[in-house]
Amino acid sequence: MSRRKIAVLGSNSFSGSDFVDLLLEDGQNEVLGISRSAEKGPLFLPYLRHTNPNFKFHQLDFNGDMPRILQVIDEFAPEYIVNFAAQSEVAPSWVHPDHWFQTNTVALAQLINHLKDQKYLQRYVHISSPEVYGTCEGNVTELSPMNPSTPYAASKAAADMLLSTYYKNFKFPLVTVRATNVYGAYQQLFKIIPRSVIYLKLGKIIQLHGGGHAVKSYIHIRDVSQGELAVMEKGRVGEIYHLSPDRGYAVREVVETICEAANLSFAEATETVAERLGQDAAYVIDSTKARNELGWSSPIGLTEGVTGVINWVESFWDEILKQPLDYVHKA
């Protein structure tokens, strides 16, 4: 395979860092990473295992450094851009909705308006979210209407609509991915799966919002990264692709799986608390299109994936004890 240049925006995010890790497994890929935070070390960045000269990182913020970001991208002149950069938490988006729209929509508009005129770009892969659909019940395909329930989801829906106008009017080489609830080693510690593993190890009670009955489509991060790579390489311009597992899991099912793996009692380790504002009842979407068109699959099962998270927590336990376990908002 010939050498190719790929820019990954939001490269320090959980999904972005795993995608960079996958790209660097191929020595023919030259990768540019851009994120607003400094590189966080091997606890959160799997790609640091590579001693690869084909990766260069820039710490730049969408909301303060856009002119420099555009300059860096132009100098690199990537054939592919994969954009993970976003404010992505749901509950805090009710507190500062303007921050979510500023990053996810306004800054994106500046980026895309510049990129539409750049001849080097062959494919722009935009990482969207199934939350744009609101509660996903029945057979939710890529043609289902958007019906967001939170400021976060609304900001992502606005971004998707904005991007579609650039595809329609300028033939902008857009391909969109909507993946369900990713998990795996190296994830942010406040997320339900790593937090549950950590709480069990600390002897703390795991709180289940609404009893943990909301259904999520938990899918291992590496399965999603493989799907995003397939979309980047083979996805049809202008199309949306869902990446989801074969079935959904209630949050309580996932925590039960973690408790079983740790040989602990689910009843003694958990308690029910009030449901989150705007919590959708289900995120179960249809990924037939990606499976049929791209030959993609999601082979990593929940038990295998959870075991990987447990092993990661064990390996980095001393470092994890120094980290905050709650979400810390940055504007």
# chains A, B, ... in the order shown; residues from 1 in each chain; ligands from 1

call {"tool": "select_by_dssp", "arguments": {"residues": "region 31-232 of chain A", "states": "alpha helix (DSSP H)", "output": "number ranges by chain"}}
result
A: 66-76, 97-101, 107-115, 151-170, 192-202, 221-232

call {"tool": "residues_around", "arguments": {"residues": "region 43-53 of chain A", "least_positions_apart": "2", "cutoff": "6 Å", "atoms": "only C-alpha atoms", "output": "PyMOL selection string"}}
result
chain A and resi 17+21+41+55+186

call {"tool": "write_last_selection", "arguments": {"atoms": "all heavy atoms", "output": "compact mmCIF listing (two decimals), in the first residue's frame"}}
result
# COMPACT_ATOMS: atom_id res chain seq x y z
N SER A 17 -7.65 8.57 19.91
CA SER A 17 -6.36 7.96 20.23
C SER A 17 -6.32 6.50 19.81
O SER A 17 -5.27 6.01 19.39
CB SER A 17 -6.06 8.11 21.73
OG SER A 17 -7.00 7.39 22.52
N ASP A 21 -3.79 4.87 17.08
CA ASP A 21 -3.07 3.63 17.39
C ASP A 21 -3.21 2.62 16.25
O ASP A 21 -2.23 1.98 15.83
CB ASP A 21 -3.60 3.04 18.69
CG ASP A 21 -2.82 1.82 19.15
OD1 ASP A 21 -1.59 1.86 19.14
OD2 ASP A 21 -3.47 0.81 19.53
N GLY A 41 -0.20 10.78 28.34
CA GLY A 41 0.59 9.68 28.84
C GLY A 41 -0.03 8.32 28.52
O GLY A 41 -1.15 8.23 28.03
N PHE A 55 4.29 9.99 13.20
CA PHE A 55 3.21 10.69 13.90
C PHE A 55 3.73 12.00 14.47
O PHE A 55 4.79 12.04 15.11
CB PHE A 55 2.65 9.83 15.04
CG PHE A 55 1.59 10.53 15.85
CD1 PHE A 55 0.33 10.76 15.31
CD2 PHE A 55 1.85 10.97 17.14
CE1 PHE A 55 -0.65 11.42 16.05
CE2 PHE A 55 0.85 11.61 17.88
CZ PHE A 55 -0.39 11.83 17.33
N TYR A 186 -8.24 2.33 28.27
CA TYR A 186 -7.78 3.69 27.98
C TYR A 186 -8.92 4.72 27.96
O TYR A 186 -8.71 5.89 27.67
CB TYR A 186 -7.01 3.78 26.65
CG TYR A 186 -5.86 2.80 26.55
CD1 TYR A 186 -6.02 1.58 25.92
CD2 TYR A 186 -4.62 3.10 27.13
CE1 TYR A 186 -4.98 0.67 25.85
CE2 TYR A 186 -3.57 2.20 27.06
CZ TYR A 186 -3.75 0.99 26.42
OH TYR A 186 -2.73 0.08 26.35

call {"tool": "residues_around", "arguments": {"residues": "Val273 (chain A)", "least_positions_apart": "5", "cutoff": "6 Å", "atoms": "only C-alpha atoms", "output": "ChimeraX atom specification"}}
result
/A:208-210

call {"tool": "write_last_selection", "arguments": {"atoms": "N, CA, C and O atoms", "output": "mmCIF file, in the first residue's frame"}}
result
data_model
loop_
_atom_site.group_PDB
_atom_site.id
_atom_site.type_symbol
_atom_site.label_atom_id
_atom_site.label_comp_id
_atom_site.auth_asym_id
_atom_site.auth_seq_id
_atom_site.Cartn_x
_atom_site.Cartn_y
_atom_site.Cartn_z
ATOM 1 N N LEU A 208 -26.754 3.436 39.725
ATOM 2 C CA LEU A 208 -27.401 3.173 38.448
ATOM 3 C C LEU A 208 -28.551 4.160 38.266
ATOM 4 O O LEU A 208 -29.565 4.087 38.964
ATOM 5 N N HIS A 209 -28.384 5.088 37.330
ATOM 6 C CA HIS A 209 -29.423 6.085 37.072
ATOM 7 C C HIS A 209 -30.665 5.392 36.505
ATOM 8 O O HIS A 209 -30.591 4.652 35.522
ATOM 9 N N GLY A 210 -31.800 5.634 37.152
ATOM 10 C CA GLY A 210 -33.044 5.001 36.718
ATOM 11 C C GLY A 210 -33.013 3.489 36.843
ATOM 12 O O GLY A 210 -33.774 2.786 36.160
#

call {"tool": "residues_around", "arguments": {"residues": "Leu302 (chain A)", "least_positions_apart": "6", "cutoff": "8 Å", "atoms": "only C-alpha atoms", "output": "PyMOL selection string"}}
result
chain A and resi 218-220+254

call {"tool": "closest_residue", "arguments": {"among": "A:Tyr120, A:Tyr249, A:Trp100, A:Phe62", "to": "Pro78 (chain A)", "atoms": "only C-alpha atoms"}}
result
A:Tyr120

call {"tool": "residues_around", "arguments": {"residues": "Thr303 (chain A)", "least_positions_apart": "3", "cutoff": "8 Å", "atoms": "only C-alpha atoms", "output": "PDB file with all heavy atoms, in the first residue's frame"}}
result
ATOM      1  N   THR A 257     -22.230  -7.890  34.271  1.00  0.00           N
ATOM      2  CA  THR A 257     -21.109  -8.583  33.637  1.00  0.00           C
ATOM      3  C   THR A 257     -19.793  -8.242  34.327  1.00  0.00           C
ATOM      4  O   THR A 257     -18.941  -9.115  34.556  1.00  0.00           O
ATOM      5  CB  THR A 257     -21.027  -8.209  32.145  1.00  0.00           C
ATOM      6  OG1 THR A 257     -22.244  -8.574  31.499  1.00  0.00           O
ATOM      7  CG2 THR A 257     -19.866  -8.900  31.455  1.00  0.00           C
ATOM      8  N   VAL A 306     -14.841  -6.320  28.468  1.00  0.00           N
ATOM      9  CA  VAL A 306     -14.814  -5.947  29.883  1.00  0.00           C
ATOM     10  C   VAL A 306     -13.555  -6.505  30.553  1.00  0.00           C
ATOM     11  O   VAL A 306     -12.913  -5.832  31.376  1.00  0.00           O
ATOM     12  CB  VAL A 306     -16.086  -6.446  30.591  1.00  0.00           C
ATOM     13  CG1 VAL A 306     -15.910  -6.449  32.110  1.00  0.00           C
ATOM     14  CG2 VAL A 306     -17.278  -5.563  30.208  1.00  0.00           C
ATOM     15  N   THR A 307     -13.182  -7.715  30.200  1.00  0.00           N
ATOM     16  CA  THR A 307     -11.962  -8.303  30.755  1.00  0.00           C
ATOM     17  C   THR A 307     -10.745  -7.456  30.402  1.00  0.00           C
ATOM     18  O   THR A 307      -9.844  -7.255  31.230  1.00  0.00           O
ATOM     19  CB  THR A 307     -11.777  -9.742  30.232  1.00  0.00           C
ATOM     20  OG1 THR A 307     -12.897 -10.531  30.634  1.00  0.00           O
ATOM     21  CG2 THR A 307     -10.498 -10.362  30.782  1.00  0.00           C
TER      22      THR A 307
END

call {"tool": "residues_around", "arguments": {"residues": "region 165-170 of chain A", "least_positions_apart": "5", "cutoff": "12 Å", "atoms": "only C-alpha atoms", "output": "number ranges by chain"}}
result
A: 108-109, 111-118, 123-124, 158-160, 175-176, 237-239

call {"tool": "closest_residue", "arguments": {"among": "A:Ser149, A:Gln28, A:Gln59, A:Ser196", "to": "Leu264 (chain A)", "atoms": "only C-alpha atoms"}}
result
A:Ser196

call {"tool": "residues_around", "arguments": {"residues": "Leu200 (chain A)", "least_positions_apart": "5", "cutoff": "9 Å", "atoms": "only C-alpha atoms", "output": "list in words"}}
result
Arg195, Ile205, Ile206, Ile258, Cys259, Ala262, Leu264 and Ala269 of chain A

call {"tool": "decode", "arguments": {"residues": "region 183-214 of chain A", "atoms": "N, CA, C and O atoms", "output": "PDB file, in the first residue's frame"}}
result
ATOM      1  N   TYR A 183     -16.491   1.583  24.306  1.00  0.00           N
ATOM      2  CA  TYR A 183     -15.835   1.326  25.590  1.00  0.00           C
ATOM      3  C   TYR A 183     -14.549   0.564  25.307  1.00  0.00           C
ATOM      4  O   TYR A 183     -14.307   0.083  24.197  1.00  0.00           O
ATOM      5  N   GLY A 184     -13.736   0.433  26.345  1.00  0.00           N
ATOM      6  CA  GLY A 184     -12.498  -0.325  26.226  1.00  0.00           C
ATOM      7  C   GLY A 184     -11.434   0.240  27.147  1.00  0.00           C
ATOM      8  O   GLY A 184     -11.654   1.235  27.850  1.00  0.00           O
ATOM      9  N   ALA A 185     -10.286  -0.409  27.160  1.00  0.00           N
ATOM     10  CA  ALA A 185      -9.158   0.112  27.911  1.00  0.00           C
ATOM     11  C   ALA A 185      -8.787   1.494  27.390  1.00  0.00           C
ATOM     12  O   ALA A 185      -9.035   1.813  26.232  1.00  0.00           O
ATOM     13  N   TYR A 186      -8.235   2.331  28.268  1.00  0.00           N
ATOM     14  CA  TYR A 186      -7.780   3.694  27.976  1.00  0.00           C
ATOM     15  C   TYR A 186      -8.924   4.717  27.961  1.00  0.00           C
ATOM     16  O   TYR A 186      -8.705   5.887  27.667  1.00  0.00           O
ATOM     17  N   GLN A 187     -10.156   4.303  28.301  1.00  0.00           N
ATOM     18  CA  GLN A 187     -11.278   5.238  28.281  1.00  0.00           C
ATOM     19  C   GLN A 187     -11.225   6.185  29.485  1.00  0.00           C
ATOM     20  O   GLN A 187     -10.628   5.884  30.524  1.00  0.00           O
ATOM     21  N   GLN A 188     -11.915   7.337  29.345  1.00  0.00           N
ATOM     22  CA  GLN A 188     -12.016   8.286  30.454  1.00  0.00           C
ATOM     23  C   GLN A 188     -12.595   7.574  31.676  1.00  0.00           C
ATOM     24  O   GLN A 188     -13.556   6.812  31.580  1.00  0.00           O
ATOM     25  N   LEU A 189     -12.045   7.861  32.845  1.00  0.00           N
ATOM     26  CA  LEU A 189     -12.369   7.090  34.039  1.00  0.00           C
ATOM     27  C   LEU A 189     -13.788   7.315  34.542  1.00  0.00           C
ATOM     28  O   LEU A 189     -14.315   6.484  35.290  1.00  0.00           O
ATOM     29  N   PHE A 190     -14.431   8.424  34.140  1.00  0.00           N
ATOM     30  CA  PHE A 190     -15.795   8.675  34.615  1.00  0.00           C
ATOM     31  C   PHE A 190     -16.847   7.904  33.827  1.00  0.00           C
ATOM     32  O   PHE A 190     -18.019   7.875  34.209  1.00  0.00           O
ATOM     33  N   LYS A 191     -16.458   7.269  32.738  1.00  0.00           N
ATOM     34  CA  LYS A 191     -17.412   6.492  31.945  1.00  0.00           C
ATOM     35  C   LYS A 191     -17.833   5.242  32.720  1.00  0.00           C
ATOM     36  O   LYS A 191     -17.073   4.695  33.521  1.00  0.00           O
ATOM     37  N   ILE A 192     -19.037   4.739  32.437  1.00  0.00           N
ATOM     38  CA  ILE A 192     -19.666   3.738  33.278  1.00  0.00           C
ATOM     39  C   ILE A 192     -18.841   2.462  33.426  1.00  0.00           C
ATOM     40  O   ILE A 192     -18.746   1.900  34.525  1.00  0.00           O
ATOM     41  N   ILE A 193     -18.212   1.975  32.355  1.00  0.00           N
ATOM     42  CA  ILE A 193     -17.504   0.692  32.456  1.00  0.00           C
ATOM     43  C   ILE A 193     -16.197   0.826  33.241  1.00  0.00           C
ATOM     44  O   ILE A 193     -16.002   0.111  34.233  1.00  0.00           O
ATOM     45  N   PRO A 194     -15.281   1.728  32.884  1.00  0.00           N
ATOM     46  CA  PRO A 194     -14.078   1.851  33.725  1.00  0.00           C
ATOM     47  C   PRO A 194     -14.394   2.300  35.149  1.00  0.00           C
ATOM     48  O   PRO A 194     -13.785   1.812  36.107  1.00  0.00           O
ATOM     49  N   ARG A 195     -15.364   3.211  35.305  1.00  0.00           N
ATOM     50  CA  ARG A 195     -15.712   3.671  36.654  1.00  0.00           C
ATOM     51  C   ARG A 195     -16.244   2.534  37.512  1.00  0.00           C
ATOM     52  O   ARG A 195     -15.919   2.426  38.701  1.00  0.00           O
ATOM     53  N   SER A 196     -17.060   1.662  36.910  1.00  0.00           N
ATOM     54  CA  SER A 196     -17.601   0.539  37.665  1.00  0.00           C
ATOM     55  C   SER A 196     -16.478  -0.403  38.105  1.00  0.00           C
ATOM     56  O   SER A 196     -16.475  -0.883  39.248  1.00  0.00           O
ATOM     57  N   VAL A 197     -15.533  -0.668  37.214  1.00  0.00           N
ATOM     58  CA  VAL A 197     -14.395  -1.520  37.562  1.00  0.00           C
ATOM     59  C   VAL A 197     -13.608  -0.899  38.714  1.00  0.00           C
ATOM     60  O   VAL A 197     -13.233  -1.575  39.685  1.00  0.00           O
ATOM     61  N   ILE A 198     -13.369   0.408  38.633  1.00  0.00           N
ATOM     62  CA  ILE A 198     -12.601   1.114  39.660  1.00  0.00           C
ATOM     63  C   ILE A 198     -13.365   1.135  40.987  1.00  0.00           C
ATOM     64  O   ILE A 198     -12.792   0.879  42.059  1.00  0.00           O
ATOM     65  N   TYR A 199     -14.680   1.412  40.930  1.00  0.00           N
ATOM     66  CA  TYR A 199     -15.486   1.446  42.152  1.00  0.00           C
ATOM     67  C   TYR A 199     -15.483   0.089  42.856  1.00  0.00           C
ATOM     68  O   TYR A 199     -15.403   0.009  44.088  1.00  0.00           O
ATOM     69  N   LEU A 200     -15.611  -0.978  42.100  1.00  0.00           N
ATOM     70  CA  LEU A 200     -15.585  -2.308  42.698  1.00  0.00           C
ATOM     71  C   LEU A 200     -14.249  -2.557  43.398  1.00  0.00           C
ATOM     72  O   LEU A 200     -14.206  -3.119  44.496  1.00  0.00           O
ATOM     73  N   LYS A 201     -13.191  -2.130  42.773  1.00  0.00           N
ATOM     74  CA  LYS A 201     -11.850  -2.323  43.356  1.00  0.00           C
ATOM     75  C   LYS A 201     -11.675  -1.484  44.623  1.00  0.00           C
ATOM     76  O   LYS A 201     -10.982  -1.907  45.561  1.00  0.00           O
ATOM     77  N   LEU A 202     -12.336  -0.311  44.650  1.00  0.00           N
ATOM     78  CA  LEU A 202     -12.257   0.576  45.816  1.00  0.00           C
ATOM     79  C   LEU A 202     -13.285   0.224  46.891  1.00  0.00           C
ATOM     80  O   LEU A 202     -13.253   0.803  47.985  1.00  0.00           O
ATOM     81  N   GLY A 203     -14.222  -0.675  46.577  1.00  0.00           N
ATOM     82  CA  GLY A 203     -15.288  -1.007  47.515  1.00  0.00           C
ATOM     83  C   GLY A 203     -16.383   0.042  47.588  1.00  0.00           C
ATOM     84  O   GLY A 203     -17.132   0.118  48.565  1.00  0.00           O
ATOM     85  N   LYS A 204     -16.509   0.875  46.530  1.00  0.00           N
ATOM     86  CA  LYS A 204     -17.533   1.921  46.501  1.00  0.00           C
ATOM     87  C   LYS A 204     -18.785   1.421  45.773  1.00  0.00           C
ATOM     88  O   LYS A 204     -18.712   0.556  44.899  1.00  0.00           O
ATOM     89  N   ILE A 205     -19.937   2.000  46.149  1.00  0.00           N
ATOM     90  CA  ILE A 205     -21.207   1.613  45.541  1.00  0.00           C
ATOM     91  C   ILE A 205     -21.345   2.243  44.155  1.00  0.00           C
ATOM     92  O   ILE A 205     -21.069   3.436  43.964  1.00  0.00           O
ATOM     93  N   ILE A 206     -21.795   1.470  43.181  1.00  0.00           N
ATOM     94  CA  ILE A 206     -22.041   1.957  41.819  1.00  0.00           C
ATOM     95  C   ILE A 206     -23.479   2.444  41.730  1.00  0.00           C
ATOM     96  O   ILE A 206     -24.422   1.695  42.025  1.00  0.00           O
ATOM     97  N   GLN A 207     -23.677   3.695  41.339  1.00  0.00           N
ATOM     98  CA  GLN A 207     -25.021   4.252  41.204  1.00  0.00           C
ATOM     99  C   GLN A 207     -25.551   3.998  39.796  1.00  0.00           C
ATOM    100  O   GLN A 207     -24.882   4.290  38.808  1.00  0.00           O
ATOM    101  N   LEU A 208     -26.754   3.436  39.725  1.00  0.00           N
ATOM    102  CA  LEU A 208     -27.401   3.173  38.448  1.00  0.00           C
ATOM    103  C   LEU A 208     -28.551   4.160  38.266  1.00  0.00           C
ATOM    104  O   LEU A 208     -29.565   4.087  38.964  1.00  0.00           O
ATOM    105  N   HIS A 209     -28.384   5.088  37.330  1.00  0.00           N
ATOM    106  CA  HIS A 209     -29.423   6.085  37.072  1.00  0.00           C
ATOM    107  C   HIS A 209     -30.665   5.392  36.505  1.00  0.00           C
ATOM    108  O   HIS A 209     -30.591   4.652  35.522  1.00  0.00           O
ATOM    109  N   GLY A 210     -31.800   5.634  37.152  1.00  0.00           N
ATOM    110  CA  GLY A 210     -33.044   5.001  36.718  1.00  0.00           C
ATOM    111  C   GLY A 210     -33.013   3.489  36.843  1.00  0.00           C
ATOM    112  O   GLY A 210     -33.774   2.786  36.160  1.00  0.00           O
ATOM    113  N   GLY A 211     -32.135   2.982  37.689  1.00  0.00           N
ATOM    114  CA  GLY A 211     -32.019   1.538  37.854  1.00  0.00           C
ATOM    115  C   GLY A 211     -31.187   0.863  36.777  1.00  0.00           C
ATOM    116  O   GLY A 211     -31.063  -0.357  36.754  1.00  0.00           O
ATOM    117  N   GLY A 212     -30.617   1.678  35.868  1.00  0.00           N
ATOM    118  CA  GLY A 212     -29.776   1.109  34.817  1.00  0.00           C
ATOM    119  C   GLY A 212     -30.566   0.409  33.727  1.00  0.00           C
ATOM    120  O   GLY A 212     -30.051  -0.487  33.056  1.00  0.00           O
ATOM    121  N   HIS A 213     -31.827   0.830  33.516  1.00  0.00           N
ATOM    122  CA  HIS A 213     -32.659   0.151  32.522  1.00  0.00           C
ATOM    123  C   HIS A 213     -32.512   0.722  31.111  1.00  0.00           C
ATOM    124  O   HIS A 213     -32.987   0.120  30.143  1.00  0.00           O
ATOM    125  N   ALA A 214     -31.875   1.909  30.989  1.00  0.00           N
ATOM    126  CA  ALA A 214     -31.649   2.468  29.656  1.00  0.00           C
ATOM    127  C   ALA A 214     -30.782   1.502  28.847  1.00  0.00           C
ATOM    128  O   ALA A 214     -29.782   0.980  29.344  1.00  0.00           O
TER     129      ALA A 214
END
